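Pasted below: run_11.txt, compact mmCIF, N, CA and C atoms and all ligand atoms.
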```
# COMPACT_ATOMS: atom_id res chain seq x y z
N MET Z 1 -2.70 -23.68 -7.11
CA MET Z 1 -2.28 -23.22 -5.78
C MET Z 1 -1.03 -23.96 -5.32
N LYS Z 2 -0.97 -25.26 -5.68
CA LYS Z 2 0.22 -26.03 -5.28
C LYS Z 2 1.47 -25.51 -5.98
N ASP Z 3 1.31 -25.20 -7.28
CA ASP Z 3 2.47 -24.67 -8.03
C ASP Z 3 2.90 -23.33 -7.45
N GLY Z 4 1.89 -22.49 -7.12
CA GLY Z 4 2.21 -21.17 -6.57
C GLY Z 4 2.95 -21.28 -5.25
N LEU Z 5 2.47 -22.18 -4.40
CA LEU Z 5 3.13 -22.38 -3.10
C LEU Z 5 4.55 -22.92 -3.29
N SER Z 6 4.69 -23.86 -4.23
CA SER Z 6 6.00 -24.45 -4.50
C SER Z 6 6.97 -23.39 -5.03
N ASN Z 7 6.48 -22.55 -5.95
CA ASN Z 7 7.34 -21.48 -6.50
C ASN Z 7 7.75 -20.50 -5.41
N TYR Z 8 6.78 -20.14 -4.55
CA TYR Z 8 7.07 -19.21 -3.46
C TYR Z 8 8.13 -19.78 -2.53
N MET Z 9 8.00 -21.06 -2.20
CA MET Z 9 8.97 -21.69 -1.30
C MET Z 9 10.36 -21.74 -1.94
N ASP Z 10 10.39 -22.01 -3.25
CA ASP Z 10 11.69 -22.02 -3.94
C ASP Z 10 12.33 -20.64 -3.89
N GLU Z 11 11.50 -19.61 -4.17
CA GLU Z 11 12.02 -18.23 -4.16
C GLU Z 11 12.59 -17.85 -2.80
N MET Z 12 11.89 -18.30 -1.74
CA MET Z 12 12.29 -17.92 -0.40
C MET Z 12 13.34 -18.85 0.21
N GLY Z 13 13.63 -19.94 -0.48
CA GLY Z 13 14.61 -20.89 0.03
C GLY Z 13 14.04 -21.80 1.11
N PHE Z 14 12.73 -21.95 1.15
CA PHE Z 14 12.09 -22.84 2.13
C PHE Z 14 12.05 -24.26 1.58
N THR Z 15 12.34 -25.22 2.42
CA THR Z 15 12.27 -26.62 1.99
C THR Z 15 11.10 -27.36 2.63
N SER Z 16 10.50 -26.73 3.64
CA SER Z 16 9.40 -27.38 4.36
C SER Z 16 8.43 -26.30 4.86
N ILE Z 17 7.17 -26.69 5.04
CA ILE Z 17 6.16 -25.77 5.58
C ILE Z 17 6.62 -25.26 6.95
N GLU Z 18 7.32 -26.10 7.67
CA GLU Z 18 7.77 -25.71 9.02
C GLU Z 18 8.75 -24.53 8.99
N ASP Z 19 9.35 -24.29 7.81
CA ASP Z 19 10.29 -23.17 7.71
C ASP Z 19 9.58 -21.81 7.87
N PHE Z 20 8.25 -21.78 7.62
CA PHE Z 20 7.58 -20.48 7.71
C PHE Z 20 6.22 -20.53 8.42
N ARG Z 21 5.83 -21.69 8.92
CA ARG Z 21 4.55 -21.77 9.62
C ARG Z 21 4.53 -20.83 10.84
N GLY Z 22 3.53 -19.97 10.91
CA GLY Z 22 3.34 -19.11 12.09
C GLY Z 22 4.23 -17.88 12.15
N LYS Z 23 5.07 -17.67 11.13
CA LYS Z 23 6.02 -16.54 11.17
C LYS Z 23 5.32 -15.18 11.26
N ALA Z 24 4.13 -15.07 10.65
CA ALA Z 24 3.46 -13.76 10.60
C ALA Z 24 2.61 -13.48 11.84
N ILE Z 25 2.42 -14.48 12.65
CA ILE Z 25 1.50 -14.32 13.79
C ILE Z 25 1.86 -13.15 14.71
N PRO Z 26 3.16 -12.92 15.02
CA PRO Z 26 3.48 -11.79 15.91
C PRO Z 26 3.07 -10.44 15.35
N THR Z 27 2.86 -10.34 14.04
CA THR Z 27 2.50 -9.04 13.45
C THR Z 27 0.98 -8.85 13.34
N VAL Z 28 0.21 -9.88 13.68
CA VAL Z 28 -1.24 -9.77 13.56
C VAL Z 28 -1.80 -8.92 14.70
N SER Z 29 -2.70 -8.00 14.34
CA SER Z 29 -3.32 -7.14 15.35
C SER Z 29 -4.79 -6.97 15.04
N ASP Z 30 -5.56 -6.68 16.02
CA ASP Z 30 -6.97 -6.40 15.79
C ASP Z 30 -7.06 -5.04 15.07
N TRP Z 31 -7.99 -4.92 14.11
CA TRP Z 31 -8.08 -3.70 13.30
C TRP Z 31 -8.27 -2.46 14.14
N ARG Z 32 -8.93 -2.59 15.28
CA ARG Z 32 -9.25 -1.39 16.06
C ARG Z 32 -8.01 -0.76 16.70
N TYR Z 33 -6.88 -1.48 16.69
CA TYR Z 33 -5.64 -0.93 17.24
C TYR Z 33 -4.73 -0.33 16.17
N LEU Z 34 -5.14 -0.41 14.90
CA LEU Z 34 -4.30 0.16 13.84
C LEU Z 34 -4.23 1.67 13.98
N ASN Z 35 -3.04 2.21 13.70
CA ASN Z 35 -2.82 3.64 13.89
C ASN Z 35 -3.49 4.46 12.78
N LEU Z 36 -4.50 5.21 13.13
CA LEU Z 36 -5.23 6.02 12.15
C LEU Z 36 -4.41 7.22 11.68
N ASN Z 37 -3.36 7.54 12.38
CA ASN Z 37 -2.50 8.66 11.98
C ASN Z 37 -1.37 8.22 11.04
N HIS Z 38 -1.33 6.94 10.72
CA HIS Z 38 -0.29 6.45 9.80
C HIS Z 38 -0.71 6.78 8.37
N VAL Z 39 0.19 7.44 7.62
CA VAL Z 39 -0.13 7.84 6.24
C VAL Z 39 0.99 7.37 5.31
N SER Z 40 0.62 6.67 4.24
CA SER Z 40 1.59 6.23 3.25
C SER Z 40 1.14 6.66 1.86
N LYS Z 41 2.12 6.87 0.99
CA LYS Z 41 1.83 7.22 -0.41
C LYS Z 41 2.64 6.31 -1.33
N ALA Z 42 2.03 5.87 -2.41
CA ALA Z 42 2.74 5.05 -3.39
C ALA Z 42 3.69 5.92 -4.21
N VAL Z 43 4.83 5.31 -4.56
CA VAL Z 43 5.83 6.00 -5.38
C VAL Z 43 6.25 5.06 -6.51
N ILE Z 44 6.24 5.54 -7.74
CA ILE Z 44 6.64 4.72 -8.88
C ILE Z 44 8.06 5.08 -9.31
N ASN Z 45 8.90 4.05 -9.41
CA ASN Z 45 10.27 4.25 -9.88
C ASN Z 45 10.24 4.33 -11.41
N GLN Z 46 10.43 5.51 -11.93
CA GLN Z 46 10.31 5.71 -13.37
C GLN Z 46 11.38 4.95 -14.16
N ASP Z 47 12.51 4.65 -13.53
CA ASP Z 47 13.58 3.94 -14.23
C ASP Z 47 13.23 2.47 -14.46
N SER Z 48 12.43 1.87 -13.55
CA SER Z 48 12.11 0.45 -13.73
C SER Z 48 10.71 0.21 -14.28
N CYS Z 49 9.89 1.26 -14.37
CA CYS Z 49 8.52 1.11 -14.89
C CYS Z 49 8.56 0.72 -16.37
N ILE Z 50 7.80 -0.34 -16.72
CA ILE Z 50 7.73 -0.79 -18.12
C ILE Z 50 6.47 -0.28 -18.80
N GLN Z 51 5.73 0.59 -18.11
CA GLN Z 51 4.55 1.26 -18.66
C GLN Z 51 3.46 0.28 -19.11
N CYS Z 52 3.27 -0.77 -18.32
CA CYS Z 52 2.24 -1.76 -18.68
C CYS Z 52 0.84 -1.23 -18.41
N GLY Z 53 0.72 -0.32 -17.45
CA GLY Z 53 -0.58 0.29 -17.16
C GLY Z 53 -1.42 -0.41 -16.12
N ARG Z 54 -0.95 -1.53 -15.58
CA ARG Z 54 -1.77 -2.27 -14.60
C ARG Z 54 -2.12 -1.42 -13.39
N CYS Z 55 -1.15 -0.68 -12.89
CA CYS Z 55 -1.39 0.11 -11.68
C CYS Z 55 -2.47 1.16 -11.92
N HIS Z 56 -2.41 1.78 -13.09
CA HIS Z 56 -3.41 2.81 -13.42
C HIS Z 56 -4.81 2.21 -13.45
N ILE Z 57 -4.95 1.07 -14.11
CA ILE Z 57 -6.27 0.43 -14.23
C ILE Z 57 -6.78 0.01 -12.86
N ALA Z 58 -5.91 -0.59 -12.06
CA ALA Z 58 -6.33 -1.06 -10.73
C ALA Z 58 -6.77 0.10 -9.86
N CYS Z 59 -5.98 1.15 -9.84
CA CYS Z 59 -6.33 2.29 -8.99
C CYS Z 59 -7.55 3.02 -9.54
N GLU Z 60 -7.63 3.10 -10.86
CA GLU Z 60 -8.74 3.81 -11.50
C GLU Z 60 -10.08 3.10 -11.23
N ASP Z 61 -10.06 1.75 -11.35
CA ASP Z 61 -11.32 1.01 -11.25
C ASP Z 61 -11.72 0.65 -9.83
N THR Z 62 -10.74 0.48 -8.94
CA THR Z 62 -11.12 -0.03 -7.62
C THR Z 62 -10.58 0.76 -6.45
N SER Z 63 -9.81 1.80 -6.71
CA SER Z 63 -9.30 2.55 -5.58
C SER Z 63 -9.61 4.05 -5.75
N HIS Z 64 -8.58 4.89 -5.79
CA HIS Z 64 -8.84 6.34 -5.69
C HIS Z 64 -8.46 7.16 -6.91
N GLN Z 65 -8.33 6.52 -8.06
CA GLN Z 65 -8.01 7.25 -9.30
C GLN Z 65 -6.79 8.15 -9.06
N ALA Z 66 -5.75 7.57 -8.50
CA ALA Z 66 -4.60 8.35 -8.06
C ALA Z 66 -3.36 8.17 -8.94
N ILE Z 67 -3.48 7.44 -10.07
CA ILE Z 67 -2.31 7.25 -10.94
C ILE Z 67 -2.62 7.75 -12.34
N ILE Z 68 -1.86 8.74 -12.78
CA ILE Z 68 -2.08 9.27 -14.13
C ILE Z 68 -1.43 8.33 -15.14
N ASN Z 69 -1.93 8.34 -16.38
CA ASN Z 69 -1.35 7.48 -17.41
C ASN Z 69 -0.82 8.26 -18.61
N ILE Z 70 -0.98 9.57 -18.57
CA ILE Z 70 -0.46 10.41 -19.67
C ILE Z 70 0.13 11.67 -19.08
N LYS Z 71 1.29 12.05 -19.61
CA LYS Z 71 1.91 13.31 -19.21
C LYS Z 71 2.55 13.93 -20.45
N ASP Z 72 2.28 15.18 -20.66
CA ASP Z 72 2.81 15.89 -21.84
C ASP Z 72 2.51 15.12 -23.12
N GLY Z 73 1.30 14.51 -23.17
CA GLY Z 73 0.88 13.81 -24.37
C GLY Z 73 1.51 12.44 -24.55
N LYS Z 74 2.31 11.98 -23.57
CA LYS Z 74 2.96 10.68 -23.70
C LYS Z 74 2.53 9.73 -22.59
N ARG Z 75 2.60 8.43 -22.86
CA ARG Z 75 2.28 7.40 -21.87
C ARG Z 75 3.24 7.52 -20.69
N HIS Z 76 2.68 7.70 -19.51
CA HIS Z 76 3.52 7.94 -18.33
C HIS Z 76 2.68 7.64 -17.09
N PHE Z 77 3.27 6.93 -16.15
CA PHE Z 77 2.51 6.53 -14.95
C PHE Z 77 3.14 7.15 -13.71
N GLU Z 78 2.33 7.89 -13.02
CA GLU Z 78 2.82 8.64 -11.86
C GLU Z 78 1.70 8.79 -10.83
N VAL Z 79 2.08 8.71 -9.56
CA VAL Z 79 1.08 8.77 -8.48
C VAL Z 79 0.77 10.22 -8.13
N ARG Z 80 -0.52 10.51 -7.96
CA ARG Z 80 -0.95 11.82 -7.47
C ARG Z 80 -1.07 11.72 -5.95
N GLU Z 81 -0.16 12.38 -5.25
CA GLU Z 81 -0.16 12.31 -3.78
C GLU Z 81 -1.43 12.91 -3.18
N ASP Z 82 -2.05 13.81 -3.91
CA ASP Z 82 -3.26 14.44 -3.36
C ASP Z 82 -4.49 13.54 -3.46
N GLU Z 83 -4.32 12.34 -4.09
CA GLU Z 83 -5.44 11.40 -4.18
C GLU Z 83 -5.11 10.05 -3.54
N CYS Z 84 -3.82 9.70 -3.46
CA CYS Z 84 -3.41 8.37 -2.97
C CYS Z 84 -3.75 8.19 -1.49
N VAL Z 85 -4.34 7.01 -1.18
CA VAL Z 85 -4.66 6.68 0.21
C VAL Z 85 -3.74 5.59 0.76
N GLY Z 86 -2.74 5.18 -0.04
CA GLY Z 86 -1.78 4.18 0.44
C GLY Z 86 -2.38 2.81 0.64
N CYS Z 87 -3.32 2.42 -0.24
CA CYS Z 87 -4.01 1.13 -0.04
C CYS Z 87 -3.15 -0.07 -0.42
N ASN Z 88 -2.06 0.14 -1.19
CA ASN Z 88 -1.12 -0.92 -1.56
C ASN Z 88 -1.54 -1.73 -2.79
N LEU Z 89 -2.72 -1.45 -3.33
CA LEU Z 89 -3.23 -2.24 -4.46
C LEU Z 89 -2.27 -2.19 -5.66
N CYS Z 90 -1.80 -0.99 -6.00
CA CYS Z 90 -0.91 -0.87 -7.17
C CYS Z 90 0.38 -1.67 -6.96
N VAL Z 91 0.87 -1.71 -5.74
CA VAL Z 91 2.09 -2.48 -5.44
C VAL Z 91 1.86 -3.95 -5.75
N VAL Z 92 0.67 -4.44 -5.40
CA VAL Z 92 0.36 -5.86 -5.59
C VAL Z 92 0.24 -6.21 -7.07
N VAL Z 93 -0.32 -5.32 -7.88
CA VAL Z 93 -0.56 -5.67 -9.29
C VAL Z 93 0.63 -5.38 -10.20
N CYS Z 94 1.58 -4.59 -9.76
CA CYS Z 94 2.73 -4.25 -10.61
C CYS Z 94 3.59 -5.50 -10.85
N PRO Z 95 3.91 -5.81 -12.12
CA PRO Z 95 4.70 -7.02 -12.41
C PRO Z 95 6.20 -6.85 -12.17
N VAL Z 96 6.65 -5.63 -11.94
CA VAL Z 96 8.09 -5.39 -11.76
C VAL Z 96 8.40 -5.25 -10.27
N PRO Z 97 9.18 -6.18 -9.72
CA PRO Z 97 9.50 -6.12 -8.28
C PRO Z 97 10.10 -4.78 -7.87
N GLU Z 98 9.60 -4.22 -6.78
CA GLU Z 98 10.12 -2.98 -6.19
C GLU Z 98 9.92 -1.75 -7.07
N CYS Z 99 9.15 -1.87 -8.15
CA CYS Z 99 8.93 -0.70 -9.01
C CYS Z 99 8.03 0.32 -8.30
N ILE Z 100 7.03 -0.18 -7.59
CA ILE Z 100 6.18 0.70 -6.79
C ILE Z 100 6.42 0.38 -5.32
N THR Z 101 6.69 1.39 -4.56
CA THR Z 101 6.89 1.21 -3.12
C THR Z 101 5.99 2.20 -2.38
N LEU Z 102 5.78 1.93 -1.11
CA LEU Z 102 5.00 2.85 -0.28
C LEU Z 102 5.95 3.66 0.59
N ARG Z 103 5.76 4.95 0.57
CA ARG Z 103 6.58 5.83 1.42
C ARG Z 103 5.73 6.31 2.59
N ASP Z 104 6.22 6.06 3.81
CA ASP Z 104 5.52 6.53 5.00
C ASP Z 104 5.78 8.02 5.18
N LEU Z 105 4.73 8.81 5.31
CA LEU Z 105 4.92 10.22 5.62
C LEU Z 105 5.36 10.35 7.07
N GLN Z 106 6.28 11.26 7.31
CA GLN Z 106 6.82 11.46 8.65
C GLN Z 106 6.01 12.52 9.40
N PRO Z 107 5.99 12.44 10.73
CA PRO Z 107 5.29 13.46 11.51
C PRO Z 107 5.75 14.86 11.11
N GLY Z 108 4.78 15.74 10.91
CA GLY Z 108 5.10 17.10 10.51
C GLY Z 108 4.94 17.32 9.01
N GLU Z 109 4.94 16.20 8.23
CA GLU Z 109 4.73 16.35 6.78
C GLU Z 109 3.26 16.62 6.50
N LEU Z 110 3.02 17.30 5.39
CA LEU Z 110 1.65 17.60 4.98
C LEU Z 110 1.09 16.46 4.14
N ASP Z 111 -0.08 15.97 4.52
CA ASP Z 111 -0.80 15.00 3.70
C ASP Z 111 -1.60 15.81 2.68
N GLN Z 112 -1.16 15.77 1.43
CA GLN Z 112 -1.81 16.58 0.40
C GLN Z 112 -3.27 16.19 0.16
N ARG Z 113 -3.61 14.96 0.51
CA ARG Z 113 -4.98 14.51 0.28
C ARG Z 113 -5.95 15.13 1.28
N THR Z 114 -5.55 15.17 2.54
CA THR Z 114 -6.46 15.69 3.57
C THR Z 114 -6.18 17.15 3.90
N GLY Z 115 -4.98 17.63 3.51
CA GLY Z 115 -4.60 18.99 3.86
C GLY Z 115 -4.19 19.12 5.32
N LYS Z 116 -3.99 17.96 6.00
CA LYS Z 116 -3.61 17.98 7.41
C LYS Z 116 -2.15 17.55 7.59
N THR Z 117 -1.55 18.02 8.66
CA THR Z 117 -0.19 17.64 8.99
C THR Z 117 -0.20 16.29 9.69
N VAL Z 118 0.73 15.41 9.33
CA VAL Z 118 0.78 14.08 9.94
C VAL Z 118 1.21 14.20 11.40
N SER Z 119 0.45 13.55 12.26
CA SER Z 119 0.72 13.61 13.70
C SER Z 119 1.62 12.45 14.12
N ALA Z 120 2.45 12.71 15.12
CA ALA Z 120 3.32 11.65 15.67
C ALA Z 120 2.58 10.78 16.67
N GLU Z 121 1.40 11.22 17.09
CA GLU Z 121 0.67 10.48 18.12
C GLU Z 121 -0.09 9.30 17.53
N HIS Z 122 -0.15 8.22 18.30
CA HIS Z 122 -0.94 7.06 17.90
C HIS Z 122 -2.41 7.35 18.18
N ALA Z 123 -3.26 7.08 17.20
CA ALA Z 123 -4.70 7.25 17.40
C ALA Z 123 -5.41 6.07 16.76
N ASP Z 124 -6.25 5.39 17.48
CA ASP Z 124 -6.95 4.25 16.90
C ASP Z 124 -8.44 4.29 17.26
N TRP Z 125 -9.14 3.26 16.80
CA TRP Z 125 -10.60 3.22 16.94
C TRP Z 125 -11.04 3.19 18.41
N THR Z 126 -10.21 2.67 19.29
CA THR Z 126 -10.63 2.55 20.70
C THR Z 126 -10.89 3.92 21.32
N GLY Z 127 -10.21 4.96 20.79
CA GLY Z 127 -10.41 6.29 21.35
C GLY Z 127 -11.05 7.25 20.35
N HIS Z 128 -11.59 6.70 19.26
CA HIS Z 128 -12.16 7.55 18.21
C HIS Z 128 -13.49 8.16 18.68
N PRO Z 129 -13.73 9.44 18.39
CA PRO Z 129 -14.97 10.09 18.84
C PRO Z 129 -16.24 9.44 18.29
N ASN Z 130 -16.15 8.74 17.17
CA ASN Z 130 -17.35 8.09 16.61
C ASN Z 130 -17.60 6.70 17.18
N ASN Z 131 -16.68 6.23 18.03
CA ASN Z 131 -16.83 4.88 18.60
C ASN Z 131 -17.87 4.92 19.72
N PRO Z 132 -18.98 4.20 19.56
CA PRO Z 132 -20.01 4.22 20.61
C PRO Z 132 -19.60 3.47 21.87
N MET Z 133 -18.57 2.63 21.76
CA MET Z 133 -18.12 1.86 22.91
C MET Z 133 -16.61 2.03 23.10
N PRO Z 134 -16.16 3.25 23.42
CA PRO Z 134 -14.71 3.47 23.55
C PRO Z 134 -14.12 2.65 24.70
N ALA Z 135 -12.83 2.34 24.53
CA ALA Z 135 -12.16 1.51 25.55
C ALA Z 135 -11.95 2.32 26.83
S1 LIG Z 201 -1.67 2.97 -3.03
FE1 LIG Z 201 -3.85 2.70 -3.64
S2 LIG Z 201 -4.64 4.77 -3.85
FE2 LIG Z 201 -2.40 4.95 -3.88
S3 LIG Z 201 -1.85 4.90 -6.03
FE3 LIG Z 201 -1.72 2.79 -5.28
S4 LIG Z 201 -3.75 1.88 -5.74
FE4 LIG Z 201 -3.95 4.12 -5.89
S1 LIG Z 202 2.17 -1.55 -12.95
FE1 LIG Z 202 4.34 -1.09 -12.52
S2 LIG Z 202 5.39 -1.40 -14.48
FE2 LIG Z 202 3.20 -1.24 -14.92
S3 LIG Z 202 2.86 0.95 -15.39
FE3 LIG Z 202 2.48 0.67 -13.21
S4 LIG Z 202 4.42 1.12 -12.20
FE4 LIG Z 202 4.85 0.78 -14.35
```
Mind turning the file's structure into structure tokens?
Ligand code: SF4
Ligand code: SF4
Amino acid sequence: MKDGLSNYMDEMGFTSIEDFRGKAIPTVSDWRYLNLNHVSKAVINQDSCIQCGRCHIACEDTSHQAIINIKDGKRHFEVREDECVGCNLCVVVCPVPECITLRDLQPGELDQRTGKTVSAEHADWTGHPNNPMPA
């Protein structure tokens, strides 16, 4: 863990813990305020993909089986938008920086997974019909 922290600080140009202590706090939110209408899909950059297969295995075993590993009889990794839930797992396991990115669907776009159009309105758990204690 010490080596990992040291490497991270070197990469980021930090010389002291004080350089980044508390930086993420302004972005922390309670889960019930997260926007349920936010939809993202993973996208694989075919030019930088080294075809290691990590993303396929991760998504296949622990997420939504949304990354194919064969196309036209050849090894090929591509996201199925009709299955991807935008969980970010494949992004974390990919060894090539920026090879997999998440694309936010814009209001009016069709979410192929749900068959619904993405709404521009914010909707969260506080106003969800299944919430027994709405705000
Ligand atoms: S974001 Fe999640 S569901 Fe989508 S392809 Fe990656 S691991 Fe699979
Ligand atoms: S983990 Fe990254 S490099 Fe490996 S197959 Fe998937 S997209 Fe390609």
(request) Give the residues close to ligand LIG 202 (chain Z), within 8 Å, counting all atoms listed in the file; write them as an MDAnalysis selection string. (result) chainID Z and resid 43:46 48:57 76:78 90:101
(request) All residues within 8 Å of ligand LIG 201 (chain Z) are required, counting all atoms listed in the file; please report them as a PyMOL selection string. (result) chain Z and resi 40-43+55-60+62-68+78-81+83-92+101-102
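When DSSP reads the backbone of this structure, the residues of chain Z it assigns to alpha helix (DSSP H) are Lys2, Asp3, Gly4, Leu5, Ser6, Asn7, Tyr8, Met9, Asp10, Glu11, Met12, Arg54, Cys55, His56, Ile57, Ala58, Cys59, Glu60, Asp61, Thr62, Leu89, Cys90, Val91, Val92 and Val93 of chain Z.
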Once 3 Å is added on each side, what centre and edge lengths in Å to one decimal does the axis-aligned box around all listed atoms of range 78-88 of chain Z have, as JSON?
```
{"center_x": -1.3, "center_y": 6.4, "center_z": -6.1, "size_x": 14.3, "size_y": 22.2, "size_z": 19.8}
```
(message) Would you compute the distance between CA of Asp47 in chain Z and atom C of Leu105 in chain Z? Give it in Å to one decimal.
(response)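 Result for CA of Asp47 in chain Z versus atom C of Leu105 in chain Z: 23.7 Å, one decimal.
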(message) What parts of chain Z does DSSP call strand (DSSP E or B)? I'd like the answer as number ranges by chain.
(response) Z: 40-44, 67-71, 74-79, 100-104, 110-111, 116-117
(request) Using only N, CA and C atoms, find the one residue out of Z:Asp19, Z:Asn35, Z:Ile25, Z:Met1 that sits nearest to Trp125 in chain Z. (result) Z:Asn35
(message) Nearest residue to Arg21 in chain Z out of Z:Val118, Z:Met9, Z:Ala123, Z:Ile70, using only C-alpha atoms?
(response)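 That would be Z:Met9, the residue with the smallest distance to Arg21 in chain Z.
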(request) Work out how far atom N of His122 in chain Z is from atom N of Ser29 in chain Z, in Å to one decimal. (result) 16.9 Å
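Nearest-residue note for Gln112 in chain Z: choosing from Z:Met12, Z:Asp124, Z:Lys71, Z:Asp82, the minimum distance belongs to Z:Asp82, counting only C-alpha atoms.
Reported to one decimal place, the separation of atom N of Gly127 in chain Z from atom N of Gly108 in chain Z is 20.9 Å.
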(request) Using only C-alpha atoms, pick whichever of Z:Asp72, Z:Val39, Z:Leu5, Z:Pro132 has the shortest atom-to-atom distance to Leu110 in chain Z. (result) Z:Val39
